[in-house]
>>> print(open('structure_9.cif').read())   # mmCIF, C-alpha atoms
data_work
loop_
_atom_site.label_atom_id
_atom_site.label_comp_id
_atom_site.auth_asym_id
_atom_site.auth_seq_id
_atom_site.Cartn_x
_atom_site.Cartn_y
_atom_site.Cartn_z
CA MET S 1360 19.34 21.66 -8.88
CA THR S 1361 22.23 23.96 -8.01
CA ALA S 1362 25.36 21.87 -8.68
CA ASP S 1363 27.84 23.85 -6.55
CA ALA S 1364 25.67 24.23 -3.44
CA PRO S 1365 27.68 23.37 -0.30
CA VAL S 1366 26.61 20.33 1.68
CA PRO S 1367 26.03 21.32 5.34
CA THR S 1368 28.16 19.57 7.99
CA ARG S 1369 25.32 19.76 10.56
CA PRO S 1370 22.16 17.61 10.14
CA ALA S 1371 20.37 18.81 7.01
CA THR S 1372 16.98 20.52 7.23
CA LEU S 1373 14.08 20.94 4.82
CA GLU S 1374 15.43 24.41 4.05
CA ASP S 1375 18.82 22.95 3.06
CA VAL S 1376 17.16 20.50 0.68
CA ALA S 1377 14.98 23.26 -0.79
CA ARG S 1378 18.03 25.49 -1.37
CA VAL S 1379 20.02 22.74 -3.08
CA ALA S 1380 17.06 21.72 -5.24
CA GLY S 1381 16.10 25.31 -6.05
CA VAL S 1382 12.50 24.81 -4.95
CA SER S 1383 10.30 25.90 -2.08
CA ARG S 1384 10.26 24.25 1.34
CA ALA S 1385 6.62 23.30 0.71
CA THR S 1386 7.59 21.40 -2.45
CA VAL S 1387 10.22 19.43 -0.56
CA SER S 1388 7.66 18.61 2.11
CA ARG S 1389 5.18 17.35 -0.50
CA VAL S 1390 7.83 15.08 -2.05
CA ILE S 1391 8.87 13.65 1.32
CA ASN S 1392 5.26 13.00 2.28
CA GLY S 1393 4.51 11.22 -0.99
CA ALA S 1394 2.02 13.72 -2.38
CA PRO S 1395 0.84 12.44 -5.80
CA THR S 1396 0.47 15.98 -7.24
CA VAL S 1397 4.21 16.67 -7.56
CA ASP S 1398 5.57 16.69 -11.12
CA PRO S 1399 7.77 13.59 -11.66
CA GLY S 1400 10.66 15.67 -12.98
CA LEU S 1401 10.54 17.97 -9.99
CA ARG S 1402 10.28 15.00 -7.67
CA GLY S 1403 13.50 13.61 -9.15
CA ILE S 1404 15.33 16.88 -8.54
CA VAL S 1405 14.20 16.98 -4.92
CA GLU S 1406 15.17 13.34 -4.37
CA GLU S 1407 18.66 14.10 -5.73
CA ALA S 1408 18.91 17.02 -3.31
CA ILE S 1409 17.83 14.79 -0.42
CA ALA S 1410 20.60 12.35 -1.32
CA ALA S 1411 23.17 15.14 -1.72
CA THR S 1412 22.38 16.71 1.65
CA ARG S 1413 21.88 13.37 3.38
CA TYR S 1414 18.63 14.68 4.77
CA VAL S 1415 16.86 12.30 7.15
CA PRO S 1416 13.13 13.01 7.60
CA ASN S 1417 11.82 13.37 11.13
CA ARG S 1418 9.41 10.44 11.30
CA ALA S 1419 7.48 11.80 14.26
CA ALA S 1420 6.91 15.15 12.58
CA ARG S 1421 6.06 13.46 9.29
CA SER S 1422 3.47 11.26 10.97
CA LEU S 1423 1.71 14.33 12.33
CA VAL S 1424 1.39 15.66 8.77
CA THR S 1425 0.60 12.47 6.87
CA ARG S 1426 -1.31 10.62 9.61
CA ARG S 1427 0.79 7.59 8.64
CA THR S 1428 3.15 5.41 10.64
CA ASP S 1429 5.25 4.16 7.70
CA SER S 1430 4.73 0.61 8.92
CA ILE S 1431 2.50 -2.28 7.89
CA ALA S 1432 1.54 -5.56 9.54
CA LEU S 1433 2.15 -8.95 8.01
CA VAL S 1434 -0.55 -11.02 9.69
CA VAL S 1435 -0.32 -14.80 9.44
CA SER S 1436 -3.57 -16.39 10.55
CA GLU S 1437 -3.93 -20.07 11.37
CA GLN S 1438 -6.68 -22.13 12.91
CA GLU S 1439 -6.63 -22.79 16.62
CA GLN S 1440 -3.98 -25.34 17.54
CA ARG S 1441 -5.00 -28.89 16.72
CA SER S 1442 -3.91 -31.68 19.07
CA GLY S 1443 -0.75 -33.37 17.84
CA ALA S 1444 -0.09 -30.71 15.21
CA THR S 1445 3.26 -28.99 14.81
CA PRO S 1446 3.24 -25.74 16.85
CA PHE S 1447 2.16 -22.75 14.77
CA VAL S 1448 5.34 -20.75 15.36
CA GLY S 1449 7.41 -23.80 14.46
CA ARG S 1450 5.64 -24.16 11.12
CA MET S 1451 6.16 -20.46 10.43
CA PHE S 1452 9.93 -20.75 10.63
CA THR S 1453 10.37 -24.13 8.94
CA ASP S 1454 8.06 -23.76 5.94
CA PRO S 1455 9.98 -22.16 3.02
CA TYR S 1456 6.77 -20.52 1.80
CA PHE S 1457 6.69 -17.94 4.59
CA GLY S 1458 10.32 -16.94 4.09
CA ARG S 1459 9.60 -16.35 0.42
CA VAL S 1460 6.60 -14.18 1.31
CA VAL S 1461 8.72 -12.02 3.62
CA SER S 1462 11.48 -11.72 1.01
CA GLY S 1463 9.06 -10.52 -1.66
CA LEU S 1464 7.42 -7.98 0.64
CA LEU S 1465 10.71 -6.49 1.83
CA GLU S 1466 11.92 -6.03 -1.74
CA VAL S 1467 9.25 -3.35 -2.15
CA LEU S 1468 8.81 -2.07 1.41
CA ARG S 1469 12.46 -1.36 2.20
CA PRO S 1470 13.08 1.10 -0.67
CA ALA S 1471 9.81 2.80 0.26
CA GLY S 1472 11.00 3.31 3.84
CA VAL S 1473 8.17 1.21 5.25
CA GLN S 1474 8.72 -1.11 8.20
CA MET S 1475 7.02 -4.50 8.49
CA MET S 1476 5.71 -6.08 11.68
CA LEU S 1477 5.04 -9.83 11.85
CA MET S 1478 1.92 -10.75 13.81
CA LEU S 1479 0.76 -14.34 14.36
CA VAL S 1480 -2.87 -15.18 15.04
CA ASP S 1481 -3.96 -18.68 16.01
CA ASP S 1482 -6.80 -18.33 18.51
CA GLU S 1483 -9.58 -16.02 19.64
CA THR S 1484 -7.40 -14.17 22.16
CA SER S 1485 -4.63 -13.34 19.67
CA ARG S 1486 -7.27 -12.36 17.13
CA GLU S 1487 -8.82 -9.82 19.49
CA GLN S 1488 -5.40 -8.48 20.44
CA LEU S 1489 -4.58 -7.98 16.77
CA LEU S 1490 -7.83 -6.15 16.02
CA SER S 1491 -7.32 -3.87 19.02
CA TYR S 1492 -3.80 -3.06 17.84
CA LEU S 1493 -4.97 -2.31 14.31
CA ARG S 1494 -7.84 -0.06 15.48
CA GLN S 1495 -5.40 2.00 17.55
CA GLY S 1496 -3.64 3.12 14.36
CA HIS S 1497 -0.23 1.52 14.95
CA VAL S 1498 0.11 0.50 11.28
CA ASP S 1499 -1.02 1.91 7.95
CA GLY S 1500 -2.19 -1.35 6.39
CA VAL S 1501 -2.21 -5.13 6.51
CA VAL S 1502 -0.96 -8.00 4.37
CA LEU S 1503 -2.98 -10.99 5.52
CA VAL S 1504 -1.89 -14.59 4.96
CA SER S 1505 -5.07 -16.51 5.74
CA SER S 1506 -5.59 -19.90 4.17
CA HIS S 1507 -8.60 -21.48 5.84
CA GLY S 1508 -12.02 -20.83 4.37
CA SER S 1509 -13.64 -20.51 7.81
CA ASP S 1510 -11.21 -17.82 9.02
CA PRO S 1511 -13.18 -14.70 10.08
CA LEU S 1512 -10.14 -12.38 9.92
CA PRO S 1513 -10.58 -11.16 6.33
CA GLN S 1514 -14.01 -9.75 7.19
CA LEU S 1515 -12.88 -8.45 10.58
CA ILE S 1516 -9.92 -6.59 9.06
CA THR S 1517 -12.22 -5.12 6.42
CA GLY S 1518 -14.27 -3.76 9.31
CA THR S 1519 -11.28 -1.82 10.69
CA GLY S 1520 -11.23 0.35 7.57
CA LEU S 1521 -7.49 -0.18 7.11
CA PRO S 1522 -6.04 -0.80 3.64
CA ALA S 1523 -5.44 -4.53 3.31
CA VAL S 1524 -4.31 -7.13 0.77
CA LEU S 1525 -4.96 -10.84 1.12
CA SER S 1526 -2.51 -13.56 0.13
CA GLY S 1527 -4.74 -15.97 -1.75
CA ARG S 1528 -8.44 -15.76 -2.45
CA SER S 1529 -10.77 -16.60 0.41
CA SER S 1530 -14.48 -17.36 0.50
CA ARG S 1531 -14.65 -14.60 3.12
CA SER S 1532 -12.38 -12.09 1.37
CA GLY S 1533 -15.32 -9.84 0.51
CA ARG S 1534 -14.02 -6.59 -0.96
CA LEU S 1535 -10.38 -7.27 -0.02
CA THR S 1536 -7.87 -7.13 -2.84
CA TYR S 1537 -6.03 -10.45 -3.15
CA VAL S 1538 -3.02 -11.87 -4.96
CA GLU S 1539 -2.74 -15.56 -5.77
CA VAL S 1540 -1.54 -18.12 -8.27
CA ASP S 1541 -3.99 -19.86 -10.59
CA GLN S 1542 -4.40 -22.99 -8.46
CA ARG S 1543 -6.45 -24.87 -11.03
CA ALA S 1544 -3.99 -24.24 -13.84
CA GLY S 1545 -1.15 -25.47 -11.65
CA ALA S 1546 -2.89 -28.74 -10.80
CA GLU S 1547 -3.71 -29.25 -14.48
CA LEU S 1548 0.00 -28.89 -15.35
CA ALA S 1549 0.80 -31.65 -12.87
CA ALA S 1550 -1.90 -33.95 -14.27
CA GLU S 1551 -0.92 -33.41 -17.90
CA HIS S 1552 2.74 -34.09 -17.14
CA LEU S 1553 2.04 -37.37 -15.34
CA VAL S 1554 -0.24 -38.53 -18.15
CA SER S 1555 2.38 -37.57 -20.75
CA LEU S 1556 4.79 -39.94 -18.97
CA GLY S 1557 2.35 -42.80 -19.48
CA ARG S 1558 1.24 -42.98 -15.87
CA ARG S 1559 -2.30 -44.28 -15.36
CA ARG S 1560 -2.48 -45.50 -11.75
CA ILE S 1561 -2.31 -42.03 -10.28
CA GLY S 1562 -2.91 -40.70 -6.79
CA THR S 1563 -2.54 -37.41 -4.99
CA VAL S 1564 -1.68 -36.13 -1.54
CA THR S 1565 -3.89 -33.07 -1.28
CA GLY S 1566 -3.68 -29.96 0.81
CA PRO S 1567 -6.17 -29.48 3.68
CA GLN S 1568 -9.68 -29.59 2.32
CA ASP S 1569 -10.82 -26.67 4.48
CA MET S 1570 -8.46 -24.45 2.49
CA PRO S 1571 -9.38 -23.03 -0.94
CA ALA S 1572 -5.93 -23.90 -2.31
CA GLY S 1573 -6.30 -27.53 -1.23
CA GLN S 1574 -9.82 -27.78 -2.62
CA GLU S 1575 -9.01 -26.22 -5.99
CA ARG S 1576 -5.86 -28.24 -6.59
CA LEU S 1577 -7.73 -31.50 -5.95
CA ALA S 1578 -10.76 -30.55 -8.06
CA ALA S 1579 -8.68 -29.41 -11.03
CA PHE S 1580 -6.33 -32.41 -10.85
CA ARG S 1581 -9.28 -34.79 -10.85
CA THR S 1582 -10.97 -33.00 -13.76
CA ALA S 1583 -7.78 -32.99 -15.85
CA LEU S 1584 -7.26 -36.73 -15.33
CA ALA S 1585 -10.89 -37.45 -16.23
CA ARG S 1586 -10.30 -35.84 -19.63
CA HIS S 1587 -7.81 -38.66 -20.25
CA GLY S 1588 -10.18 -41.38 -19.08
CA ILE S 1589 -8.65 -41.72 -15.60
CA ASP S 1590 -11.58 -41.69 -13.20
CA ASP S 1591 -10.33 -43.80 -10.28
CA LEU S 1592 -8.11 -41.20 -8.61
CA ALA S 1593 -6.87 -42.25 -5.18
CA TRP S 1594 -6.35 -39.35 -2.83
CA VAL S 1595 -5.40 -38.71 0.78
CA GLU S 1596 -5.59 -35.38 2.59
CA GLY S 1597 -2.35 -33.84 3.83
CA ASP S 1598 -1.59 -30.74 5.88
CA PHE S 1599 1.15 -28.94 3.89
CA THR S 1600 3.86 -30.08 6.35
CA HIS S 1601 6.86 -32.40 5.99
CA VAL S 1602 5.60 -34.82 8.65
CA GLY S 1603 2.07 -34.69 7.28
CA GLY S 1604 3.32 -35.53 3.79
CA ALA S 1605 5.07 -38.67 5.06
CA ALA S 1606 1.98 -39.84 6.94
CA ALA S 1607 -0.28 -39.15 3.98
CA MET S 1608 2.02 -41.03 1.59
CA LYS S 1609 1.83 -44.12 3.83
CA ARG S 1610 -1.97 -43.98 3.74
CA LEU S 1611 -2.00 -43.45 -0.01
CA LEU S 1612 0.21 -46.49 -0.65
CA ALA S 1613 -2.02 -48.59 1.59
CA ARG S 1614 -5.00 -47.45 -0.43
CA ARG S 1615 -3.32 -47.80 -3.85
CA PRO S 1616 -0.31 -50.19 -3.68
CA ASP S 1617 0.11 -50.24 -7.49
CA LEU S 1618 0.55 -46.46 -7.68
CA ASP S 1619 2.75 -45.30 -10.59
CA GLY S 1620 2.27 -41.51 -10.39
CA VAL S 1621 1.49 -39.07 -7.61
CA PHE S 1622 0.83 -35.34 -7.34
CA VAL S 1623 1.83 -34.03 -3.92
CA ALA S 1624 0.19 -30.65 -3.40
CA SER S 1625 3.22 -28.98 -1.77
CA ASP S 1626 6.98 -29.44 -2.00
CA LEU S 1627 7.29 -29.71 1.77
CA MET S 1628 4.86 -32.64 1.82
CA ALA S 1629 6.71 -34.21 -1.12
CA MET S 1630 9.95 -33.99 0.87
CA GLY S 1631 8.27 -36.14 3.50
CA ALA S 1632 6.65 -38.47 0.95
CA LEU S 1633 9.75 -39.41 -1.07
CA PRO S 1634 11.55 -41.32 1.73
CA VAL S 1635 8.37 -43.29 2.36
CA LEU S 1636 8.33 -44.45 -1.25
CA SER S 1637 12.00 -45.40 -0.99
CA ARG S 1638 11.46 -47.42 2.19
CA GLU S 1639 8.62 -49.27 0.49
CA GLY S 1640 10.96 -50.26 -2.34
CA ARG S 1641 9.38 -47.91 -4.88
CA ARG S 1642 11.95 -46.18 -7.11
CA VAL S 1643 11.37 -42.57 -8.15
CA PRO S 1644 10.76 -41.93 -11.01
CA GLU S 1645 11.11 -45.45 -12.45
CA ASP S 1646 8.26 -46.97 -10.42
CA VAL S 1647 6.46 -43.85 -9.23
CA ALA S 1648 6.68 -40.41 -10.85
CA VAL S 1649 6.26 -37.59 -8.32
CA VAL S 1650 5.21 -33.99 -8.99
CA GLY S 1651 5.08 -31.33 -6.26
CA PHE S 1652 3.74 -27.80 -6.01
CA ASP S 1653 5.52 -24.52 -5.09
CA ASP S 1654 9.09 -24.76 -6.46
CA SER S 1655 10.52 -23.85 -3.07
CA ASN S 1656 14.01 -24.66 -1.81
CA ALA S 1657 12.55 -27.93 -0.61
CA ALA S 1658 12.09 -29.07 -4.22
CA GLN S 1659 15.81 -28.93 -4.94
CA ALA S 1660 16.67 -30.47 -1.57
CA CYS S 1661 14.57 -33.56 -2.32
CA ASP S 1662 16.20 -36.83 -3.37
CA PRO S 1663 15.75 -37.00 -6.29
CA PRO S 1664 15.24 -33.29 -7.05
CA LEU S 1665 11.54 -32.65 -7.40
CA THR S 1666 9.59 -31.90 -10.56
CA THR S 1667 7.13 -29.29 -9.38
CA VAL S 1668 4.60 -26.62 -10.27
CA ARG S 1669 6.16 -23.22 -9.68
CA GLN S 1670 4.16 -20.47 -8.06
CA PRO S 1671 6.18 -17.23 -8.11
CA VAL S 1672 5.79 -16.47 -4.40
CA GLU S 1673 8.38 -13.67 -4.24
CA GLU S 1674 6.84 -11.87 -7.23
CA MET S 1675 3.35 -12.36 -5.82
CA SER S 1676 4.40 -10.94 -2.45
CA SER S 1677 6.06 -7.94 -4.06
CA GLU S 1678 2.82 -7.28 -5.90
CA MET S 1679 0.92 -7.46 -2.60
CA ALA S 1680 3.25 -4.83 -1.16
CA ARG S 1681 2.80 -2.57 -4.20
CA LEU S 1682 -0.99 -2.89 -4.06
CA LEU S 1683 -1.03 -2.13 -0.34
CA LEU S 1684 1.18 0.96 -0.69
CA ARG S 1685 -1.08 2.25 -3.47
CA GLN S 1686 -4.12 1.86 -1.24
CA ILE S 1687 -2.35 3.64 1.63
CA ARG S 1688 -1.19 6.55 -0.51
CA GLU S 1689 -4.26 6.84 -2.73
CA PRO S 1690 -7.28 5.88 -0.60
CA GLY S 1691 -10.39 4.87 -2.50
CA ASP S 1692 -12.03 1.77 -3.82
CA PRO S 1693 -10.11 -1.54 -3.44
CA LEU S 1694 -7.74 -2.23 -6.31
CA PRO S 1695 -8.30 -5.13 -8.73
CA SER S 1696 -7.01 -8.48 -7.55
CA VAL S 1697 -4.07 -10.11 -9.37
CA VAL S 1698 -3.73 -13.77 -10.39
CA PHE S 1699 -0.30 -15.10 -11.41
CA HIS S 1700 0.23 -17.95 -13.83
CA PRO S 1701 2.09 -21.11 -12.71
CA SER S 1702 4.68 -23.04 -14.69
CA LEU S 1703 6.10 -26.56 -14.58
CA VAL S 1704 9.73 -27.05 -13.51
CA ILE S 1705 10.96 -30.47 -14.61
CA ARG S 1706 13.66 -32.16 -12.55
CA ASP S 1707 14.43 -35.82 -11.79
CA SER S 1708 11.37 -37.09 -9.92
CA ALA S 1709 9.04 -37.17 -12.95
#
>>> encode(input="structure_9.cif", output="structure tokens")
Amino acid sequence: MTADAPVPTRPATLEDVARVAGVSRATVSRVINGAPTVDPGLRGIVEEAIAATRYVPNRAARSLVTRRTDSIALVVSEQEQRSGATPFVGRMFTDPYFGRVVSGLLEVLRPAGVQMMLMLVDDETSREQLLSYLRQGHVDGVVLVSSHGSDPLPQLITGTGLPAVLSGRSSRSGRLTYVEVDQRAGAELAAEHLVSLGRRRIGTVTGPQDMPAGQERLAAFRTALARHGIDDLAWVEGDFTHVGGAAAMKRLLARRPDLDGVFVASDLMAMGALPVLSREGRRVPEDVAVVGFDDSNAAQACDPPLTTVRQPVEEMSSEMARLLLRQIREPGDPLPSVVFHPSLVIRDSA
């Protein structure tokens, strides 16, 4: 790059960048459009020249060349509204999990100059509106958060031909690349910890049993306890919400009053369950040891602070963004899925 090249006072052009970098206009264009054939060293020189000239690409012109919009859709899909359930939008903005997903995605998308649109789908009408929007080419790809095994969206999005990455494995994921935590390993960590504390009268508040995460956590927790001779597991189904966790804890205590250990399959449900135990005169952890799942902000806000299985949601979401950008920029076969390992974070509840 020419060190003493003057920086123009007017808006910089491709020609200005090319002159400062000492390369052709075509090379600058290939760098800006993300062409994979540019030598990394040359790419660095051009990027320095872009910074020096403060060149701002014309997005409209770039889209004509690349056929890309430089935007992706974050689609959160939920089942149709159940009577008495917390409104879908309300759950979106109160559950720490979704904020962590957005944070992890933006960490990768922002430096890449890619915008993110949030789209919520909870019934047939919104599903059809989404598919119409995607087919019209408004975005380059999709990150899909779809938790229910019966959700048709993974297959429908595959049918659009758009690059897509799924948050969590689904029975209908088909060829979609997915990123998830090892659910079974996480539940096993919870079981082993409770057993190591000498707890034998153990129960669990599960996630919804129409969701793969809820199913796998329950199955693995039960199997791990059975290895220690604990076969009479008491369990109640929850819904991954604060209110649902409180209601489920009441039912679990009614079913197993002598409970001395419980695995609550999400921190948000545990936040609802802990006050129920307190009102029933059960001290945590002296009388009942409690282990959650997620290691969200809710875990530290609990009283007492919650021992929990950590799933690295921000890192997982960043990986989803990286996988999606690779599919957009290098079309071809779907990339291999990625499974992250959980860990146990010990605090005061167990």
>>> residues_around(input="structure_9.cif", residues="S:His1601", least_positions_apart="6", cutoff="10 Å", atoms="only C-alpha atoms", output="number ranges by chain")
S: 1450, 1453-1454, 1625-1632, 1657
>>> resolve_selection(input="structure_9.cif", expression="the PyMOL selection byres ((chain S and resi 1658) around 10)", output="list in words")
Ser1625, Asp1626, Leu1627, Ala1629, Met1630, Val1650, Gly1651, Phe1652, Asp1653, Asp1654, Ser1655, Asn1656, Ala1657, Gln1659, Ala1660, Cys1661, Asp1662, Pro1663, Pro1664, Leu1665, Thr1666, Thr1667, Val1668, Arg1669, Val1704, Arg1706 and Ser1708 of chain S
>>> write_last_selection(input="structure_9.cif", atoms="C-alpha atoms", output="mmCIF file, in the frame of the given file")
data_model
loop_
_atom_site.group_PDB
_atom_site.id
_atom_site.type_symbol
_atom_site.label_atom_id
_atom_site.label_comp_id
_atom_site.auth_asym_id
_atom_site.auth_seq_id
_atom_site.Cartn_x
_atom_site.Cartn_y
_atom_site.Cartn_z
ATOM 1 C CA SER S 1625 3.220 -28.980 -1.770
ATOM 2 C CA ASP S 1626 6.980 -29.440 -2.000
ATOM 3 C CA LEU S 1627 7.290 -29.710 1.770
ATOM 4 C CA ALA S 1629 6.710 -34.210 -1.120
ATOM 5 C CA MET S 1630 9.950 -33.990 0.870
ATOM 6 C CA VAL S 1650 5.210 -33.990 -8.990
ATOM 7 C CA GLY S 1651 5.080 -31.330 -6.260
ATOM 8 C CA PHE S 1652 3.740 -27.800 -6.010
ATOM 9 C CA ASP S 1653 5.520 -24.520 -5.090
ATOM 10 C CA ASP S 1654 9.090 -24.760 -6.460
ATOM 11 C CA SER S 1655 10.520 -23.850 -3.070
ATOM 12 C CA ASN S 1656 14.010 -24.660 -1.810
ATOM 13 C CA ALA S 1657 12.550 -27.930 -0.610
ATOM 14 C CA GLN S 1659 15.810 -28.930 -4.940
ATOM 15 C CA ALA S 1660 16.670 -30.470 -1.570
ATOM 16 C CA CYS S 1661 14.570 -33.560 -2.320
ATOM 17 C CA ASP S 1662 16.200 -36.830 -3.370
ATOM 18 C CA PRO S 1663 15.750 -37.000 -6.290
ATOM 19 C CA PRO S 1664 15.240 -33.290 -7.050
ATOM 20 C CA LEU S 1665 11.540 -32.650 -7.400
ATOM 21 C CA THR S 1666 9.590 -31.900 -10.560
ATOM 22 C CA THR S 1667 7.130 -29.290 -9.380
ATOM 23 C CA VAL S 1668 4.600 -26.620 -10.270
ATOM 24 C CA ARG S 1669 6.160 -23.220 -9.680
ATOM 25 C CA VAL S 1704 9.730 -27.050 -13.510
ATOM 26 C CA ARG S 1706 13.660 -32.160 -12.550
ATOM 27 C CA SER S 1708 11.370 -37.090 -9.920
#
>>> resolve_selection(input="structure_9.cif", expression="the PyMOL selection byres ((chain S and resi 1404-1411) around 7)", output="list in words")
Met1360, Val1376, Val1379, Ala1380, Val1387, Gly1400, Leu1401, Arg1402, Gly1403, Thr1412, Arg1413 and Tyr1414 of chain S
>>> atom_distance(input="structure_9.cif", atom1="atom CA of S:Lys1609", atom2="atom CA of S:Leu1633")
10.4 Å
>>> closest_residue(input="structure_9.cif", among="S:Arg1494, S:Met1608, S:Ala1546, S:Val1467", to="S:Ser1637", atoms="only C-alpha atoms")
S:Met1608
>>> atom_distance(input="structure_9.cif", atom1="atom CA of S:Arg1459", atom2="atom CA of S:Arg1528")
18.3 Å
>>> atom_distance(input="structure_9.cif", atom1="atom CA of S:Leu1493", atom2="atom CA of S:Ile1516")
8.4 Å
>>> decode(input="structure_9.cif", residues="stretch 1504-1521 of chain S", atoms="N, CA, C and O atoms", output="CSV table (one decimal), in the first residue's frame")
chain,number,residue,atom,x,y,z
S,1504,VAL,N,-34.7,-20.9,15.4
S,1504,VAL,CA,-34.9,-21.4,16.8
S,1504,VAL,C,-36.2,-22.1,16.8
S,1504,VAL,O,-37.3,-21.5,16.9
S,1505,SER,N,-36.2,-23.4,16.8
S,1505,SER,CA,-37.4,-24.2,16.7
S,1505,SER,C,-37.3,-25.4,17.7
S,1505,SER,O,-36.4,-26.3,17.4
S,1506,SER,N,-38.1,-25.4,18.7
S,1506,SER,CA,-37.8,-26.4,19.8
S,1506,SER,C,-38.8,-27.6,19.8
S,1506,SER,O,-38.4,-28.7,20.3
S,1507,HIS,N,-39.9,-27.5,19.2
S,1507,HIS,CA,-40.9,-28.5,19.2
S,1507,HIS,C,-40.7,-29.6,18.1
S,1507,HIS,O,-40.5,-29.2,16.9
S,1508,GLY,N,-40.8,-30.8,18.5
S,1508,GLY,CA,-40.5,-31.9,17.5
S,1508,GLY,C,-41.5,-31.9,16.4
S,1508,GLY,O,-41.2,-32.4,15.3
S,1509,SER,N,-42.7,-31.4,16.6
S,1509,SER,CA,-43.8,-31.4,15.5
S,1509,SER,C,-43.7,-30.2,14.6
S,1509,SER,O,-44.5,-30.1,13.7
S,1510,ASP,N,-42.8,-29.3,14.9
S,1510,ASP,CA,-42.8,-28.0,14.1
S,1510,ASP,C,-42.4,-28.4,12.6
S,1510,ASP,O,-41.3,-28.9,12.4
S,1511,PRO,N,-43.2,-27.9,11.6
S,1511,PRO,CA,-42.9,-28.2,10.2
S,1511,PRO,C,-41.9,-27.2,9.6
S,1511,PRO,O,-41.4,-27.5,8.5
S,1512,LEU,N,-41.5,-26.2,10.4
S,1512,LEU,CA,-40.7,-25.1,9.8
S,1512,LEU,C,-39.3,-25.6,9.3
S,1512,LEU,O,-38.9,-25.1,8.2
S,1513,PRO,N,-38.6,-26.5,10.0
S,1513,PRO,CA,-37.3,-26.9,9.5
S,1513,PRO,C,-37.4,-27.4,8.1
S,1513,PRO,O,-36.6,-27.1,7.2
S,1514,GLN,N,-38.4,-28.3,7.8
S,1514,GLN,CA,-38.5,-28.8,6.5
S,1514,GLN,C,-39.0,-27.8,5.5
S,1514,GLN,O,-38.5,-27.8,4.3
S,1515,LEU,N,-39.9,-26.9,5.9
S,1515,LEU,CA,-40.4,-25.9,5.0
S,1515,LEU,C,-39.3,-24.9,4.6
S,1515,LEU,O,-39.2,-24.5,3.4
S,1516,ILE,N,-38.4,-24.5,5.5
S,1516,ILE,CA,-37.3,-23.6,5.2
S,1516,ILE,C,-36.3,-24.3,4.3
S,1516,ILE,O,-35.7,-23.7,3.4
S,1517,THR,N,-36.1,-25.6,4.5
S,1517,THR,CA,-35.2,-26.4,3.6
S,1517,THR,C,-35.7,-26.3,2.2
S,1517,THR,O,-34.9,-26.1,1.2
S,1518,GLY,N,-37.0,-26.3,2.1
S,1518,GLY,CA,-37.6,-26.2,0.7
S,1518,GLY,C,-37.5,-24.9,0.0
S,1518,GLY,O,-37.6,-24.8,-1.2
S,1519,THR,N,-37.1,-23.8,0.8
S,1519,THR,CA,-36.9,-22.6,0.1
S,1519,THR,C,-35.6,-22.5,-0.6
S,1519,THR,O,-35.4,-21.6,-1.4
S,1520,GLY,N,-34.7,-23.4,-0.2
S,1520,GLY,CA,-33.3,-23.4,-0.8
S,1520,GLY,C,-32.4,-22.4,-0.2
S,1520,GLY,O,-31.2,-22.3,-0.6
S,1521,LEU,N,-32.8,-21.7,0.8
S,1521,LEU,CA,-32.0,-20.7,1.5
S,1521,LEU,C,-31.0,-21.4,2.4
S,1521,LEU,O,-31.4,-22.4,3.1
